[in-house]
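The file start08.txt contains compact mmCIF, C-alpha atoms and all ligand atoms:
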```txt
# COMPACT_ATOMS: atom_id res chain seq x y z
CA MET A 10 -7.80 -10.77 -40.87
CA THR A 11 -9.81 -7.81 -39.78
CA GLY A 12 -11.49 -6.13 -42.71
CA PRO A 13 -12.10 -2.41 -42.87
CA LEU A 14 -15.82 -2.82 -42.29
CA LEU A 15 -15.46 -4.81 -39.11
CA PRO A 16 -15.70 -2.96 -35.80
CA ARG A 17 -12.40 -2.39 -34.13
CA PRO A 18 -12.34 -3.90 -30.66
CA PRO A 19 -10.92 -2.01 -27.73
CA LEU A 20 -7.36 -3.13 -27.15
CA SER A 21 -5.44 -3.77 -24.04
CA ARG A 22 -3.34 -6.77 -24.76
CA ARG A 23 -0.65 -7.17 -27.38
CA THR A 24 1.61 -10.03 -28.22
CA PHE A 25 4.82 -9.80 -30.13
CA ILE A 26 6.91 -12.66 -31.39
CA VAL A 27 10.56 -12.01 -31.88
CA ASP A 28 12.58 -14.26 -34.13
CA LEU A 29 16.20 -13.85 -33.20
CA GLY A 30 17.39 -16.52 -35.61
CA ARG A 31 19.54 -16.05 -38.69
CA GLY A 32 20.92 -12.82 -37.30
CA ALA A 33 17.80 -10.89 -38.18
CA PHE A 34 14.93 -9.55 -36.13
CA ALA A 35 11.47 -10.23 -37.40
CA LEU A 36 8.58 -8.71 -35.55
CA ALA A 37 5.04 -9.83 -36.07
CA LEU A 38 1.86 -8.87 -34.38
CA VAL A 39 0.18 -12.16 -33.61
CA GLY A 40 -2.57 -11.41 -31.20
CA LEU A 41 -4.98 -8.71 -30.16
CA ALA A 42 -7.51 -9.29 -27.47
CA GLY A 43 -10.35 -7.02 -26.56
CA CYS A 44 -10.79 -5.58 -23.11
CA ALA A 45 -12.73 -2.64 -21.82
CA SER A 46 -9.79 -1.03 -20.10
CA VAL A 47 -7.97 0.48 -23.08
CA VAL A 48 -9.11 1.85 -26.38
CA GLY A 49 -6.32 2.15 -28.89
CA SER A 50 -5.43 1.95 -32.51
CA PRO A 51 -3.77 -1.16 -33.89
CA VAL A 52 -0.06 -1.55 -33.50
CA PRO A 53 1.84 -1.20 -36.77
CA GLY A 54 2.46 -4.56 -38.38
CA SER A 55 6.21 -4.46 -38.24
CA ALA A 56 8.42 -2.09 -36.39
CA GLY A 57 11.35 -4.13 -35.17
CA ALA A 58 14.46 -2.52 -33.84
CA PRO A 59 17.63 -3.13 -35.80
CA PRO A 60 19.79 -5.91 -34.42
CA GLY A 61 21.88 -4.86 -31.48
CA SER A 62 20.57 -1.31 -31.44
CA ALA A 63 21.47 0.59 -28.31
CA GLY A 64 22.30 -2.63 -26.53
CA ASP A 65 18.63 -3.38 -26.10
CA GLY A 66 18.68 -7.03 -27.00
CA PRO A 67 18.80 -9.72 -24.37
CA GLY A 68 22.06 -9.71 -22.51
CA GLY A 69 22.92 -6.13 -23.40
CA PRO A 70 26.01 -4.56 -21.91
CA GLY A 71 26.21 -3.76 -18.23
CA GLY A 72 23.81 -3.93 -15.36
CA GLN A 73 22.07 -6.64 -13.41
CA SER A 74 19.71 -8.98 -15.20
CA PHE A 75 16.67 -10.62 -13.60
CA GLY A 76 14.44 -13.27 -15.15
CA LYS A 77 13.65 -14.30 -18.68
CA ALA A 78 14.67 -12.10 -21.57
CA ASP A 79 13.60 -13.82 -24.79
CA GLY A 80 10.30 -14.38 -26.47
CA ALA A 81 6.92 -12.80 -26.92
CA LEU A 82 5.90 -9.87 -24.77
CA THR A 83 2.26 -9.43 -23.86
CA TRP A 84 0.98 -6.50 -21.84
CA GLU A 85 -2.23 -5.55 -20.18
CA ARG A 86 -3.03 -2.26 -18.56
CA VAL A 87 -4.97 -2.67 -15.34
CA ASN A 88 -7.17 0.39 -15.15
CA LEU A 89 -7.67 1.16 -11.48
CA GLY A 90 -9.59 4.35 -12.17
CA PHE A 91 -7.39 7.11 -10.83
CA VAL A 92 -4.21 5.22 -11.63
CA SER A 93 -3.05 2.19 -13.61
CA ALA A 94 -0.91 -0.86 -13.02
CA ASP A 95 0.50 -2.91 -15.88
CA VAL A 96 1.12 -6.61 -16.28
CA LEU A 97 3.81 -7.66 -18.75
CA VAL A 98 4.28 -11.32 -19.65
CA ARG A 99 7.13 -13.05 -21.43
CA ALA A 100 7.39 -16.81 -21.84
CA GLY A 101 4.93 -17.46 -19.03
CA GLU A 102 6.75 -15.17 -16.61
CA ALA A 103 5.02 -11.99 -15.45
CA THR A 104 6.25 -8.59 -14.34
CA VAL A 105 3.82 -6.28 -12.59
CA VAL A 106 4.68 -2.59 -12.93
CA ASP A 107 3.14 -0.48 -10.16
CA THR A 108 0.18 -1.51 -8.06
CA GLY A 109 -2.11 1.48 -7.58
CA GLN A 110 -3.37 2.61 -4.22
CA ALA A 111 -4.09 0.19 -1.39
CA ASN A 112 -6.56 -2.66 -1.90
CA HIS A 113 -6.00 -3.19 -5.61
CA ALA A 114 -4.29 -6.60 -5.53
CA ASP A 115 -7.60 -8.24 -6.46
CA ASP A 116 -7.75 -6.13 -9.64
CA ILE A 117 -4.22 -7.18 -10.58
CA GLU A 118 -5.16 -10.78 -9.85
CA ALA A 119 -8.14 -10.43 -12.20
CA ALA A 120 -5.83 -9.13 -14.94
CA LEU A 121 -3.52 -12.10 -14.44
CA LYS A 122 -6.51 -14.39 -14.70
CA ARG A 123 -7.53 -12.76 -17.99
CA MET A 124 -4.06 -13.63 -19.22
CA SER A 125 -4.54 -17.21 -17.98
CA LEU A 126 -1.99 -16.69 -15.21
CA GLY A 127 -1.91 -16.65 -11.43
CA TRP A 128 0.34 -15.17 -8.76
CA GLY A 129 2.78 -18.04 -9.25
CA ALA A 130 3.74 -16.58 -12.62
CA VAL A 131 4.64 -13.20 -11.14
CA ALA A 132 8.42 -13.21 -10.80
CA HIS A 133 8.92 -9.43 -10.66
CA LEU A 134 7.26 -6.32 -9.27
CA VAL A 135 8.72 -3.05 -10.52
CA LEU A 136 7.71 0.07 -8.59
CA THR A 137 8.41 3.06 -10.79
CA HIS A 138 8.51 5.34 -7.78
CA SER A 139 7.63 5.67 -4.14
CA HIS A 140 4.29 7.48 -4.32
CA ASN A 141 1.54 5.68 -2.51
CA ASP A 142 -0.82 5.70 -5.47
CA HIS A 143 1.70 3.45 -7.24
CA ALA A 144 3.15 1.44 -4.37
CA GLY A 145 -0.03 1.24 -2.25
CA SER A 146 -0.76 -2.41 -3.01
CA ALA A 147 2.87 -3.48 -3.35
CA ALA A 148 3.07 -5.26 0.00
CA ASP A 149 -0.13 -7.14 -0.79
CA VAL A 150 1.16 -8.09 -4.26
CA LEU A 151 4.46 -9.36 -2.83
CA ARG A 152 2.60 -11.34 -0.16
CA ARG A 153 0.46 -13.01 -2.83
CA ALA A 154 3.26 -13.44 -5.38
CA THR A 155 5.50 -15.32 -3.00
CA GLY A 156 8.16 -15.96 -5.65
CA ALA A 157 8.37 -12.36 -6.83
CA THR A 158 11.23 -9.94 -6.32
CA GLY A 159 10.30 -6.31 -5.84
CA TYR A 160 12.40 -3.54 -7.41
CA ALA A 161 12.58 0.25 -7.23
CA GLY A 162 15.12 2.98 -7.77
CA ALA A 163 17.59 3.23 -4.89
CA ALA A 164 16.65 6.81 -4.01
CA ASP A 165 12.97 5.91 -3.74
CA ILE A 166 13.29 2.70 -1.73
CA PRO A 167 13.45 4.47 1.66
CA GLY A 168 10.05 6.00 0.87
CA ILE A 169 8.38 2.62 0.33
CA SER A 170 7.56 0.98 3.63
CA GLY A 171 5.86 -2.17 4.87
CA MET A 172 7.22 -4.58 2.27
CA PRO A 173 7.25 -8.25 3.33
CA ARG A 174 10.79 -8.55 1.95
CA PRO A 175 13.37 -5.96 0.96
CA LEU A 176 13.14 -4.28 -2.42
CA VAL A 177 16.09 -4.68 -4.79
CA ALA A 178 17.57 -1.42 -6.07
CA VAL A 179 17.67 -1.13 -9.86
CA GLY A 180 19.16 1.56 -12.03
CA GLU A 181 20.16 2.50 -15.55
CA GLY A 182 20.83 -0.48 -17.78
CA ASP A 183 19.53 -3.17 -15.43
CA ARG A 184 17.22 -5.76 -16.96
CA VAL A 185 14.06 -7.19 -15.50
CA MET A 186 12.57 -9.94 -17.64
CA GLY A 187 14.50 -8.46 -20.54
CA LEU A 188 12.96 -5.03 -19.99
CA ARG A 189 15.55 -2.30 -19.81
CA VAL A 190 15.41 -0.18 -16.68
CA VAL A 191 15.82 3.52 -17.49
CA THR A 192 16.18 6.16 -14.79
CA ALA A 193 13.76 9.08 -15.07
CA PRO A 194 14.20 11.40 -12.09
CA GLY A 195 12.35 14.63 -11.48
CA HIS A 196 8.91 13.52 -10.35
CA THR A 197 10.81 11.66 -7.65
CA PRO A 198 14.60 11.40 -7.34
CA GLY A 199 14.66 7.63 -7.88
CA GLN A 200 12.00 7.07 -10.50
CA VAL A 201 12.68 4.25 -12.95
CA VAL A 202 10.75 3.26 -16.08
CA ALA A 203 10.71 0.06 -18.13
CA TYR A 204 11.53 -0.06 -21.83
CA ASP A 205 11.31 -2.86 -24.36
CA ALA A 206 12.99 -2.08 -27.68
CA ILE A 207 11.52 -5.11 -29.42
CA ALA A 208 7.89 -4.61 -28.45
CA ARG A 209 8.54 -0.85 -28.76
CA LEU A 210 6.91 -0.20 -25.42
CA LEU A 211 7.67 2.25 -22.61
CA VAL A 212 6.05 1.93 -19.20
CA ALA A 213 6.66 5.45 -17.98
CA GLY A 214 5.23 5.69 -14.47
CA ASP A 215 4.73 9.35 -13.61
CA SER A 216 7.62 10.65 -15.70
CA MET A 217 4.83 12.09 -17.85
CA GLY A 218 1.09 11.93 -18.26
CA THR A 219 -1.12 11.95 -21.32
CA SER A 220 -3.97 14.12 -22.48
CA ALA A 221 -5.96 13.96 -25.70
CA GLY A 222 -3.59 11.41 -27.20
CA LYS A 223 -0.41 13.34 -26.42
CA PRO A 224 2.17 13.09 -23.66
CA ILE A 225 2.15 15.95 -21.16
CA LEU A 226 4.40 17.04 -18.31
CA PRO A 227 3.83 15.33 -14.96
CA ASN A 228 1.60 17.06 -12.43
CA ALA A 229 3.62 20.04 -11.21
CA HIS A 230 2.06 19.86 -7.78
CA PHE A 231 3.64 16.45 -7.18
CA THR A 232 6.87 16.99 -9.13
CA PRO A 233 9.47 18.73 -6.99
CA ASP A 234 12.11 19.01 -9.73
CA MET A 235 10.35 19.84 -13.00
CA ALA A 236 13.59 20.84 -14.74
CA GLU A 237 14.94 17.36 -14.06
CA ALA A 238 11.62 15.83 -15.11
CA LYS A 239 11.86 17.65 -18.44
CA ARG A 240 15.38 16.35 -18.98
CA SER A 241 14.08 12.85 -18.29
CA ILE A 242 11.30 13.30 -20.85
CA ALA A 243 13.83 14.41 -23.48
CA LYS A 244 15.95 11.35 -22.67
CA LEU A 245 12.97 8.99 -22.93
CA GLY A 246 11.88 10.60 -26.20
CA ALA A 247 15.14 9.47 -27.75
CA LEU A 248 14.16 5.82 -27.24
CA GLY A 249 12.16 4.22 -30.04
CA PHE A 250 8.67 3.11 -29.04
CA GLU A 251 5.16 3.07 -30.38
CA THR A 252 3.31 2.38 -27.15
CA LEU A 253 3.43 4.55 -24.04
CA LEU A 254 1.83 3.40 -20.80
CA VAL A 255 1.61 6.04 -18.09
CA GLY A 256 0.56 5.92 -14.46
CA HIS A 257 -2.35 8.26 -14.94
CA ARG A 258 -4.63 8.64 -17.94
CA GLU A 259 -4.80 6.77 -21.21
CA PRO A 260 -2.00 4.99 -23.06
CA ILE A 261 -0.74 6.12 -26.45
CA THR A 262 -0.49 3.19 -28.83
CA ALA A 263 1.12 4.59 -31.97
CA GLY A 264 4.03 6.90 -32.65
CA ALA A 265 4.54 7.62 -28.96
CA SER A 266 8.29 8.27 -28.83
CA GLY A 267 8.04 10.97 -31.50
CA LEU A 268 5.43 12.74 -29.42
CA VAL A 269 7.52 12.37 -26.28
CA ALA A 270 10.55 13.78 -28.10
CA GLU A 271 8.41 16.74 -29.15
CA LEU A 272 7.38 17.32 -25.54
CA GLY A 273 11.04 17.08 -24.52
CA ARG A 274 12.01 19.73 -27.05
CA ALA A 275 9.14 21.98 -26.00
CA GLY A 276 10.14 21.64 -22.34
ZN ZN B 301 3.77 9.93 -8.60
```
Translate this structure into structure tokens?
Amino acid sequence: MTGPLLPRPPLSRRTFIVDLGRGAFALALVGLAGCASVVGSPVPGSAGAPPGSAGDGPGGPGGQSFGKADGALTWERVNLGFVSADVLVRAGEATVVDTGQANHADDIEAALKRMSLGWGAVAHLVLTHSHNDHAGSAADVLRRATGATGYAGAADIPGISGMPRPLVAVGEGDRVMGLRVVTAPGHTPGQVVAYDAIARLLVAGDSMGTSAGKPILPNAHFTPDMAEAKRSIAKLGALGFETLLVGHREPITAGASGLVAELGRAG
């Protein structure tokens, strides 16, 4: 137990255990590990989604499903300075979301190592969108993670070149390692984000940024359809999540979907 007088370590890694037995969800925070890359407040002790809500459990209706779906979810943000990648792990299988600019595969490898994993565990690479500051190390990651499948939204795949093997198109309702793929166009036409209803986590790419602990609109200079981007934010705000990981700037680790909904209403 961490007493009130103990210093709070910086957080970047969370583990959730989901008990799907007896028809009830039980969510327990079982591990917090310190890392310099993220400073956040503790995750609430229990915030499980109701059973079967919004089809977010494993094997929900519709869509393609790739990889493992059950068990604990651990995440680590890989702070690459200007931009972030994220590593999500479930039952020993890893999904990398975005890769930063070129030459960042070593940083992602270091994050895997901190999670006691190697490239062999990486079964999935999700590219939220085609921009080079997110897909810049994707070819390198796929070359190192020889067993991994790469995914992106269909409309963005033509803008991602040089992959060692073709990317698989994913869209609304598809599942990657149990994470629900949600389309979030506007910043790019084919942007996709990853949502986990059990861990209450959204990996949002550039569908929004953050500033001073609040979500903000994506950079207008790089967002050709801001009206669409605002509609996407409103849609994402309707999902239930505590933790928001964005491509640029700091994560939000408590009450995030309420803040995103607020931004959606303001937009
Ligand atoms: Zn972008």
Subject >> Closest of A:Thr252, A:Arg258, A:Pro198, A:Ile207 to A:Asp234 - atom-to-atom distances counting only C-alpha atoms >> reply: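 Nearest to A:Asp234: A:Pro198.
By chain and then residue number, the residues within 12 Å of A:Asn228 are A:Gly195, A:His196, A:Thr197, A:Asp215, A:Ser216, A:Met217, A:Gly218, A:Thr219, A:Ser220, A:Pro224, A:Ile225, A:Leu226, A:His230, A:Phe231, A:Thr232, A:Pro233, A:Asp234, A:Met235, A:Ala238, A:Lys239, A:Gly256, A:His257, A:Arg258, counting all atoms listed in the file and disregarding those fewer than 2 positions away in sequence.
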Proximity of stretch 170-249 of chain A to stretch 113-137 of chain A: per-residue shortest pair, 9 Å limit, all atoms listed in the file, as a Markdown table:
```
| residue | atom | partner | partner_atom | distance |
| --- | --- | --- | --- | --- |
| A:Val185 | CA | A:His133 | CA | 7.4 |
| A:Met186 | CA | A:His133 | CA | 7.9 |
| A:Gly199 | CA | A:Thr137 | CA | 8.3 |
| A:Gln200 | CA | A:Thr137 | CA | 5.4 |
| A:Val201 | CA | A:Thr137 | CA | 4.9 |
| A:Val202 | CA | A:Thr137 | CA | 5.8 |
| A:Ala203 | CA | A:Thr137 | CA | 8.3 |
| A:Val212 | CA | A:Thr137 | CA | 8.8 |
| A:Ala213 | CA | A:Thr137 | CA | 7.8 |
| A:Gly214 | CA | A:Thr137 | CA | 5.5 |
| A:Asp215 | CA | A:Thr137 | CA | 7.8 |
```
Using only C-alpha atoms, please write the residues we just selected to a file, as a PDB file, keeping the file's coordinate frame.
```pdb
ATOM      1  CA  VAL A 185      14.060  -7.190 -15.500  1.00  0.00           C
ATOM      2  CA  MET A 186      12.570  -9.940 -17.640  1.00  0.00           C
ATOM      3  CA  GLY A 199      14.660   7.630  -7.880  1.00  0.00           C
ATOM      4  CA  GLN A 200      12.000   7.070 -10.500  1.00  0.00           C
ATOM      5  CA  VAL A 201      12.680   4.250 -12.950  1.00  0.00           C
ATOM      6  CA  VAL A 202      10.750   3.260 -16.080  1.00  0.00           C
ATOM      7  CA  ALA A 203      10.710   0.060 -18.130  1.00  0.00           C
ATOM      8  CA  VAL A 212       6.050   1.930 -19.200  1.00  0.00           C
ATOM      9  CA  ALA A 213       6.660   5.450 -17.980  1.00  0.00           C
ATOM     10  CA  GLY A 214       5.230   5.690 -14.470  1.00  0.00           C
ATOM     11  CA  ASP A 215       4.730   9.350 -13.610  1.00  0.00           C
TER      12      ASP A 215
END
```
Subject >> Atomic separation - atom CA of A:Val150 relative to atom CA of A:Leu210, Å >> reply: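 Here the two named atoms are 23.3 Å from each other.
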Subject >> Contact residues around A:Val96 with only C-alpha atoms at 7 Å, ignoring same-chain residues under 2 positions, as JSON, numbers by chain >> reply: {"A": [84, 85, 86, 94, 98, 103, 104, 105, 106]}
**OP:** Give me, please, the distance in Å between atom CA of A:His138 and atom CA of A:Ala193, quoted to one decimal.
**Re:**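 Between these atoms lies a distance of 9.7 Å.
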**OP:** Record the distance separating atom CA of A:Tyr160 and atom CA of A:Gly222, expressed in Å with one decimal.
**Re:**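 Going from atom CA of A:Tyr160 over to atom CA of A:Gly222 covers 29.5 Å.
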**OP:** Name the residues in contact with A:Ala275 at a cut-off of 12 Å, using all atoms listed in the file, excluding same-chain residues fewer than 2 positions from it; report them as a VMD selection string.
**Re:** chain A and resid 224 to 226 239 to 240 242 to 243 246 268 to 273
Original post:
With distances taken over all atoms listed in the file, which of A:Ala229, A:Ala236, A:Val190, A:Leu253 is nearest to ligand ZN 301 (chain B)?
Top reply: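 Checking each candidate against ligand ZN 301 (chain B), we get A:Ala229 as the closest.
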**OP:** Identify which of the residues A:Leu248, A:Ala111, A:Ala265, A:Val255 lies closest to ligand ZN 301 (chain B), counting only C-alpha atoms and all ligand atoms when measuring atom-to-atom distances.
**Re:** A:Val255
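If you count only C-alpha atoms and ignore residues fewer than 6 places along the chain from A:Gln73, what sits within 9 Å of it is Val179, Gly180, Gly182, Asp183, Arg184 and Val185 of chain A.
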Original post:
Which residues, written as a list in words, have at least one atom at most 6 Å from A:Tyr204, with only C-alpha atoms counted and residues fewer than 4 positions away on the same chain left out?
Top reply: Leu188, Arg189, Leu210 and Leu211 of chain A
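Distance annotation: of A:Gly168, A:Gly76, A:Gly101, A:Pro227, the residue with the minimal separation from ligand ZN 301 (chain B) is A:Pro227; atom set is only C-alpha atoms and all ligand atoms.
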**OP:** Counting all atoms listed in the file, select every polymer residue within 9 Å of (12.5, -5.5, -3.5) as defined in the file's coordinates, and provide the selection as a list of chain:residue names.
**Re:**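 Here is the list of nearby residues: A:His133, A:Leu134, A:Val135, A:Leu136, A:Leu151, A:Ala157, A:Thr158, A:Gly159, A:Tyr160, A:Ala161, A:Ile166, A:Met172, A:Arg174, A:Pro175, A:Leu176, A:Val177, A:Ala178.
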Original post:
Between A:Asp205, A:Asp165, A:Asp142, A:Asp107, which is the closest to ligand ZN 301 (chain B) once you count all atoms listed in the file?
Top reply: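 For ligand ZN 301 (chain B), the nearest of the candidates is A:Asp142.
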**OP:** Using only C-alpha atoms and all ligand atoms, find the one residue out of A:Leu89, A:Asp95, A:Gly109, A:Ser139 that sits nearest to ligand ZN 301 (chain B).
**Re:**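 That would be A:Ser139, the residue with the smallest distance to ligand ZN 301 (chain B).
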